[in-house]
Structure formats: structure tokens, C-alpha cells
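**Student:** One structure is given below, represented as C-alpha cells, and several questions about it will come after.
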Amino acid sequence: MARRAEPAAGPAVGLSRSLARHIIDRLGEAGQPPELGIGHVNVGNHTYLDVLENEYLRPIVDEGRGSSFKLVQAYFGGGKTHFLFCVRERAWGLGFPTAVVGLSPDECPFDDPVRIYAAVAREIAWPPLDPTIAPTRGIDELLRTVLDLRAATMTEDLLHEWIVRHLRRVPADSHSYRVAVARFLLAVLQGETDAEDSLSAFLRGESVPASELRAYGVREEIRRETGFRFLRSLVQVVQALGAPGLVLAFDELDRNLSFGPRRRRAIVDSLRQLIDLCGREALPGLLCLYAVPPEFLTRVVPEYVALQQRLEAPVTLSVRSPQAVVIDLENLDLPQAELLTRIGERILDVFEAATAAGLDHELQTRNLGLLAGEVLERTWDVAHRRAFVKAAVALLHEQRGAGERELTPAEVQGLTSQAATVEPLGDDAEEF
């Protein structure tokens, strides 16, 4: 694909010490992407991010309409979750609420509309006002945030009128859902705690007695047959709250491929429905991402012609083919050796911000380059990225504690084989 120039590594400008410690702890302990500040260690996928921002997110901001679906594919450890966090960070910067939902057979299967809606309602978050502090999650917390933001610029009478005359009339597939949203905001505004608690539970997808809901004008309960209608209504309400749209990302775990034919068909039907809704723009201002391992396209999709027709294309997403459905994270902006080296440079910058260690960057860049080569030589799948970041953090801790030196081949081999868990950087590191 046509690639953009990769931003050069450099000092971690604007990165607080506490956030840097959060990033280093996440990378070092489990090789997982940090919840916040992922842009400080992101390398190799900027072409994809630029296409999504310029071709999808910014037009939604400018025009207030449009919806799209993208399938993200990568092997286990190949950066699916990392990429979704990067998209989320870009979306936050443009004012989009987001929800990143991890799909699993037990807790959140994609064949259960009720649990899908509940997971989205639990994970949705208004973009944080402070990028160094994680936003509060949940549809009820999002609504409280919106109310606080409007209360700062409107009188209580005007705020009441906005809720009654605007939100209660917003087009939504479920009349009960929009009534519940408006009634919840009125309950918060007027201090009606019983109504606030009941409607909060309803909006989160919890079971609430029908008799209790009717008292607030809500006549529809969340059931299997209404789950996706509630999800559509949630997306439709978001713009009425003042957001440009919504970024919704589903991160499917590899083990979902082990489902039997019946459950796989139910998942495929739900996915096909979501794709069609995006194609018809029935979900205004929505960018929906669905992350899967490559086996999903090779083993599952061919079994279902209707889904194959929607996802099949001669090319994957790129600057030259921005409308393609599939984003292939096996095809990045940099070759693997350079990718790991650049990741190491970013980790070094963040480590310096976290520890103020004053390390010799030229020496440590050489050490990290040796480590990258060893990891690539010893690891045959893309999970080497996870192994590398864990080993890189362990290397920097060791160099900081025992004194800087050029690593020997045996020491580099030891780091790659151990991928050791590192100690948190301080007593307060756990707060993130």
C-alpha cells in the first residue's frame, strides 16, 4: 500500500511522569497496549489511521452524517487491540465518544444482542477533557457528563427545555429508549434518585421490572429481540447529545472461532446486519470496527455467501483504496526489523520520561537493535511484538539498575527467552 512517512522518534513531549509510568508498566508486565497515551509508543500503522481519520471521521465531523464498517485482521499478538486503542485516541481528539468491546464466548458473545448492547453501554465513554486521565465509562456516566457540560453554559430552565423539546423528539428506532434517556437526564437534573437509579440500570442493559419502568413512560424492556434495536437507538441518540458521532470497536478473541456451526451462523447474521445498517446509513455518524484473526476471513466467511459478498474485495484498505472494507495489520508501514527498532526507540523515550534515568540513547538504541534482531530470529509469528516490548522494558530496567553497558549476545538471548515481568515503577503506579 502507499505509505506515509513514519514520524521520527524523539523526546516524549507533553508526557507526564505518571502517564509514562502507566505506559511502561502495561508494556513491561504483559506486553499489552496502554489504556492511555498509546500514541507515544505507536509505530507502523499511521497510514491506516490517517485514512480512517481523513476519509471517515473528519467527514462525519464536517457533515454530520455517514457511517462505515471496517474489518480489522491480524494474528494473535499482531496488534488488533493496539490498533483499536489508536483509533480511539484519534477519535477522542475529534470529539467522538467511543466504546471498545472485547468479545468472548462467555461474557460477551456476538450472537447475544442483549449482552452486546450491555457491553457497549458499559464501555461507552465521552472523550476525556484531560487526555492523561481515563474517562468514566458507561452510558449513564456519559449522560451525566453531557448534562454537566451543558449546565456550564445554560440555565436550568433552558436545560430542561433542551431535554424535553429536543431529546424526546430525536429520531430513534426505540421510542422507549429515547424517553428513558430524556427521563434519566431530568431525574439527574431534579435530584430524583429513585428514577435515576432505575433508568440508569435500564440504560445499562440490566433487567428492570416492567411495572417500575412504566412509571417513567418506558414500555419496552431489553430482550433478545430488542437488543439490536436498543443498540441502534444508542447510536442515534449520541449525535443528539452534541457529539459528531460514535466510534464502536469490537475486538473478537481467537477462541470465538471454536464455536459450533449454529452459534457461528448467529454471529455471522449479527455481523451481516451491522454491516448492512452501516451501508444504509441507518446508524448516523458511526465508524464501526470489528477485529478478527485472519482465519475468520479464510475459514468462517466462505461458509456464508451473504457475508462473503459484503467483505470480499480485491484489495485491502490503503491510501489508494480508502473505501476497502478490510484493514490488514500484517501489512504495515515498516518492515519487521525496522518496526521493532522504532518501537524500541519510542519505549526508550517513554522510559526516560517515567524514570528520569538519563540513559545513553545511542548505546541503548544499539542494545534495542540487537534485541529486535534476536526476537525476530527466535520467534516465527507476529507475537514477537509482544515479546519484544516486554523484553525491551526489562532491558531498560536492568541497564538503569545495574549500570549501562553494551549487551553480549548471551545476555540478549536471555532477555528474549525470559520476557520477564518487571516491577511497577513506584507505589502509586497501580492507580492507573
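Chains: A, B, ... in order of the C-alpha cells. Residues: from 1 per chain. Ligands: from 1, in order shown.
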Give me, as a ChimeraX atom specification, all polymer residues having an atom no more than 9 Å from stretch 102-110 of chain A, counting only C-alpha atoms and skipping those fewer than 3 positions away in the same chain.
**Tutor:** /A:81,113,115-116,118-119,249-256,259,266-268,270-271
**Student:** If you run DSSP over the backbone, which residues in stretch 141-276 of chain A end up strand (DSSP E or B)? Put them as a count of residues only.
**Tutor:** 7
**Student:** Could you pull the residues within 12 Å of A:Glu303, counting only C-alpha atoms, minus those fewer than 5 positions along the same chain, as a PyMOL selection string?
**Tutor:** chain A and resi 261+264-265+268+296-298+308-309
**Student:** Find the spatial neighbours of A:Gly358, counting only C-alpha atoms, within a cut-off of 12 Å - ignore same-chain residues fewer than 6 positions away - and output them as a compact mmCIF listing (two decimals) with C-alpha atoms, in the first residue's frame.
**Tutor:**
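Contents of the output file selection.txt:
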```txt
# COMPACT_ATOMS: atom_id res chain seq x y z
CA LEU A 348 13.18 4.36 25.43
CA ASP A 349 11.76 7.90 25.23
CA VAL A 350 8.79 6.97 27.43
CA PHE A 351 11.06 5.12 29.89
CA GLU A 352 13.14 8.28 30.24
CA GLN A 364 20.56 1.82 24.36
CA LEU A 396 15.98 -0.75 30.22
CA GLN A 399 20.53 -1.03 32.40
CA ARG A 400 19.17 1.58 34.77
CA GLY A 401 19.74 -0.55 37.86
CA GLY A 403 24.74 0.26 35.03
CA GLU A 404 24.81 0.84 31.29
```
**Student:** Output as a tab-separated table one row per residue of stretch 105-170 of chain A within 12 Å of stretch 33-44 of chain A: the closest atom pair and its distance in Å to one decimal place, counting only C-alpha atoms, sorted by chain and residue number ascending.
**Tutor:**
```
residue	atom	partner	partner_atom	distance
A:Pro127	CA	A:Leu36	CA	11.9
A:Pro128	CA	A:Leu36	CA	10.5
A:Asp130	CA	A:Leu36	CA	10.7
A:Pro131	CA	A:Leu36	CA	7.5
A:Thr132	CA	A:Leu36	CA	6.7
A:Ile133	CA	A:Leu36	CA	7.6
A:Ala134	CA	A:Leu36	CA	6.8
A:Pro135	CA	A:Leu36	CA	9.9
```
**Student:** Output N, CA and C atoms of each residue in that selection to a file, as a PDB file, in the first residue's frame.
**Tutor:**
```
ATOM      1  N   PRO A 127     -15.407  11.606  25.185  1.00  0.00           N
ATOM      2  CA  PRO A 127     -13.967  11.890  25.087  1.00  0.00           C
ATOM      3  C   PRO A 127     -13.472  12.633  26.315  1.00  0.00           C
ATOM      4  N   PRO A 128     -12.341  12.228  26.877  1.00  0.00           N
ATOM      5  CA  PRO A 128     -11.859  12.843  28.124  1.00  0.00           C
ATOM      6  C   PRO A 128     -11.457  14.290  27.921  1.00  0.00           C
ATOM      7  N   ASP A 130      -9.329  15.732  29.868  1.00  0.00           N
ATOM      8  CA  ASP A 130      -7.894  15.674  30.122  1.00  0.00           C
ATOM      9  C   ASP A 130      -7.376  14.360  29.540  1.00  0.00           C
ATOM     10  N   PRO A 131      -6.538  14.408  28.482  1.00  0.00           N
ATOM     11  CA  PRO A 131      -6.089  13.178  27.823  1.00  0.00           C
ATOM     12  C   PRO A 131      -5.213  12.285  28.690  1.00  0.00           C
ATOM     13  N   THR A 132      -4.791  12.782  29.851  1.00  0.00           N
ATOM     14  CA  THR A 132      -3.966  11.961  30.736  1.00  0.00           C
ATOM     15  C   THR A 132      -4.796  11.226  31.782  1.00  0.00           C
ATOM     16  N   ILE A 133      -6.106  11.474  31.793  1.00  0.00           N
ATOM     17  CA  ILE A 133      -6.986  10.837  32.775  1.00  0.00           C
ATOM     18  C   ILE A 133      -8.055  10.053  32.026  1.00  0.00           C
ATOM     19  N   ALA A 134      -8.191   8.786  32.363  1.00  0.00           N
ATOM     20  CA  ALA A 134      -9.174   7.936  31.687  1.00  0.00           C
ATOM     21  C   ALA A 134     -10.582   8.456  31.949  1.00  0.00           C
ATOM     22  N   PRO A 135     -11.424   8.482  30.917  1.00  0.00           N
ATOM     23  CA  PRO A 135     -12.802   8.936  31.120  1.00  0.00           C
ATOM     24  C   PRO A 135     -13.606   7.898  31.880  1.00  0.00           C
TER      25      PRO A 135
END
```
**Student:** By how many Å are atom CA of A:Pro322 and atom CA of A:Asn54 apart?
**Tutor:** 9.7 Å
**Student:** Would you return as a count of residues only the members of stretch 73-240 of chain A that DSSP assigns to helix (DSSP H, G or I) on this structure's backbone?
**Tutor:** 97
**Student:** Can you pull out the residues contacting stretch 238-245 of chain A? Cut-off 8 Å, using only C-alpha atoms, and skip same-chain residues under 2 positions away; I want them as a PDB file with N, CA and C atoms, in the first residue's frame.
**Tutor:**
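File around_14.pdb, as written:
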```
ATOM      1  N   ILE A  60     -17.455  12.984   8.918  1.00  0.00           N
ATOM      2  CA  ILE A  60     -18.584  12.927   9.846  1.00  0.00           C
ATOM      3  C   ILE A  60     -18.649  14.220  10.666  1.00  0.00           C
ATOM      4  N   VAL A  61     -17.495  14.699  11.124  1.00  0.00           N
ATOM      5  CA  VAL A  61     -17.460  15.952  11.884  1.00  0.00           C
ATOM      6  C   VAL A  61     -17.984  17.101  11.034  1.00  0.00           C
ATOM      7  N   GLY A  64     -21.846  15.690   9.545  1.00  0.00           N
ATOM      8  CA  GLY A  64     -22.815  15.159  10.489  1.00  0.00           C
ATOM      9  C   GLY A  64     -23.545  13.924  10.023  1.00  0.00           C
ATOM     10  N   GLY A  95     -13.538  14.599  19.179  1.00  0.00           N
ATOM     11  CA  GLY A  95     -14.773  14.768  19.927  1.00  0.00           C
ATOM     12  C   GLY A  95     -15.741  13.604  19.880  1.00  0.00           C
ATOM     13  N   PHE A  96     -15.304  12.435  19.396  1.00  0.00           N
ATOM     14  CA  PHE A  96     -16.185  11.283  19.302  1.00  0.00           C
ATOM     15  C   PHE A  96     -16.226  10.496  20.608  1.00  0.00           C
ATOM     16  N   PRO A  97     -17.399  10.184  21.136  1.00  0.00           N
ATOM     17  CA  PRO A  97     -17.480   9.137  22.155  1.00  0.00           C
ATOM     18  C   PRO A  97     -17.054   7.808  21.522  1.00  0.00           C
ATOM     19  N   VAL A 146     -22.503  14.841  29.762  1.00  0.00           N
ATOM     20  CA  VAL A 146     -23.156  15.759  28.831  1.00  0.00           C
ATOM     21  C   VAL A 146     -23.978  16.793  29.591  1.00  0.00           C
ATOM     22  N   HIS A 166     -35.995  18.646  22.699  1.00  0.00           N
ATOM     23  CA  HIS A 166     -35.022  18.144  21.721  1.00  0.00           C
ATOM     24  C   HIS A 166     -34.811  16.640  21.854  1.00  0.00           C
ATOM     25  N   LEU A 167     -34.370  16.201  23.015  1.00  0.00           N
ATOM     26  CA  LEU A 167     -34.020  14.791  23.156  1.00  0.00           C
ATOM     27  C   LEU A 167     -35.233  13.877  23.034  1.00  0.00           C
ATOM     28  N   VAL A 170     -35.871  13.233  19.252  1.00  0.00           N
ATOM     29  CA  VAL A 170     -34.827  12.776  18.331  1.00  0.00           C
ATOM     30  C   VAL A 170     -35.264  11.481  17.652  1.00  0.00           C
ATOM     31  N   LEU A 234     -29.120   3.775  20.642  1.00  0.00           N
ATOM     32  CA  LEU A 234     -27.990   4.403  21.328  1.00  0.00           C
ATOM     33  C   LEU A 234     -27.163   5.212  20.338  1.00  0.00           C
ATOM     34  N   VAL A 235     -26.834   4.618  19.197  1.00  0.00           N
ATOM     35  CA  VAL A 235     -26.050   5.323  18.179  1.00  0.00           C
ATOM     36  C   VAL A 235     -26.806   6.560  17.698  1.00  0.00           C
ATOM     37  N   GLN A 236     -28.099   6.435  17.507  1.00  0.00           N
ATOM     38  CA  GLN A 236     -28.907   7.555  17.004  1.00  0.00           C
ATOM     39  C   GLN A 236     -29.003   8.690  18.012  1.00  0.00           C
ATOM     40  N   VAL A 247     -17.618   6.070  17.641  1.00  0.00           N
ATOM     41  CA  VAL A 247     -16.701   5.022  17.173  1.00  0.00           C
ATOM     42  C   VAL A 247     -16.925   3.797  18.039  1.00  0.00           C
ATOM     43  N   PRO A 284     -26.345   6.906  12.064  1.00  0.00           N
ATOM     44  CA  PRO A 284     -25.664   8.139  11.639  1.00  0.00           C
ATOM     45  C   PRO A 284     -24.385   8.399  12.418  1.00  0.00           C
ATOM     46  N   GLY A 285     -23.342   8.781  11.670  1.00  0.00           N
ATOM     47  CA  GLY A 285     -22.094   9.177  12.312  1.00  0.00           C
ATOM     48  C   GLY A 285     -21.361   8.048  12.988  1.00  0.00           C
ATOM     49  N   LEU A 286     -21.534   6.817  12.517  1.00  0.00           N
ATOM     50  CA  LEU A 286     -20.898   5.663  13.162  1.00  0.00           C
ATOM     51  C   LEU A 286     -19.726   5.147  12.332  1.00  0.00           C
TER      52      LEU A 286
END
```
**Student:** Please determine, counting only C-alpha atoms, which residue among A:Leu52, A:Val237, A:Pro335, A:Thr355 has the shortest atom-to-atom distance to A:His397.
**Tutor:**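 When distances to A:His397 are compared using only C-alpha atoms, the smallest one comes from A:Thr355.
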**Student:** So that I can see what lies close to A:Ala180, please list as a compact mmCIF listing (two decimals) with C-alpha atoms, in the first residue's frame the residues with an atom at most 9 Å from it, counting only C-alpha atoms and leaving out residues fewer than 3 positions away in the same chain.
**Tutor:**
```
# COMPACT_ATOMS: atom_id res chain seq x y z
CA ARG A 168 -37.55 13.43 23.46
CA HIS A 175 -39.31 5.34 21.39
CA SER A 176 -38.88 3.87 24.88
CA TYR A 177 -35.10 4.26 24.63
CA ARG A 183 -36.23 10.98 31.65
CA PHE A 184 -32.88 9.94 33.13
CA LEU A 185 -31.41 13.39 32.46
CA LEU A 199 -33.38 4.32 34.45
CA SER A 200 -29.61 4.01 34.81
CA PHE A 202 -32.33 0.08 32.24
CA LEU A 203 -29.94 2.03 30.00
CA LEU A 213 -40.31 1.30 34.02
CA TYR A 216 -41.32 6.72 33.77
CA GLY A 217 -43.02 6.28 30.38
CA VAL A 218 -40.78 3.36 29.30
```
**Student:** Calculated over only C-alpha atoms, which of the candidates A:Arg150, A:Arg204, A:Arg320, A:Arg366 has the smallest distance to A:Trp162?
**Tutor:**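 Of A:Arg150, A:Arg204, A:Arg320, A:Arg366, the one nearest A:Trp162, counting only C-alpha atoms, is A:Arg150.
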**Student:** Measure the distance from atom CA of A:Arg223 to atom CA of A:Val114 in Å and round it to one decimal.
**Tutor:**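 Pair atom CA of A:Arg223 / atom CA of A:Val114 returns 6.2 Å.
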**Student:** Please determine, counting only C-alpha atoms, which residue among A:Glu55, A:Asp269, A:Glu29, A:Asp197 has the shortest atom-to-atom distance to A:Ser318.
**Tutor:**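 Using only C-alpha atoms, the shortest distance to A:Ser318 belongs to A:Glu55.
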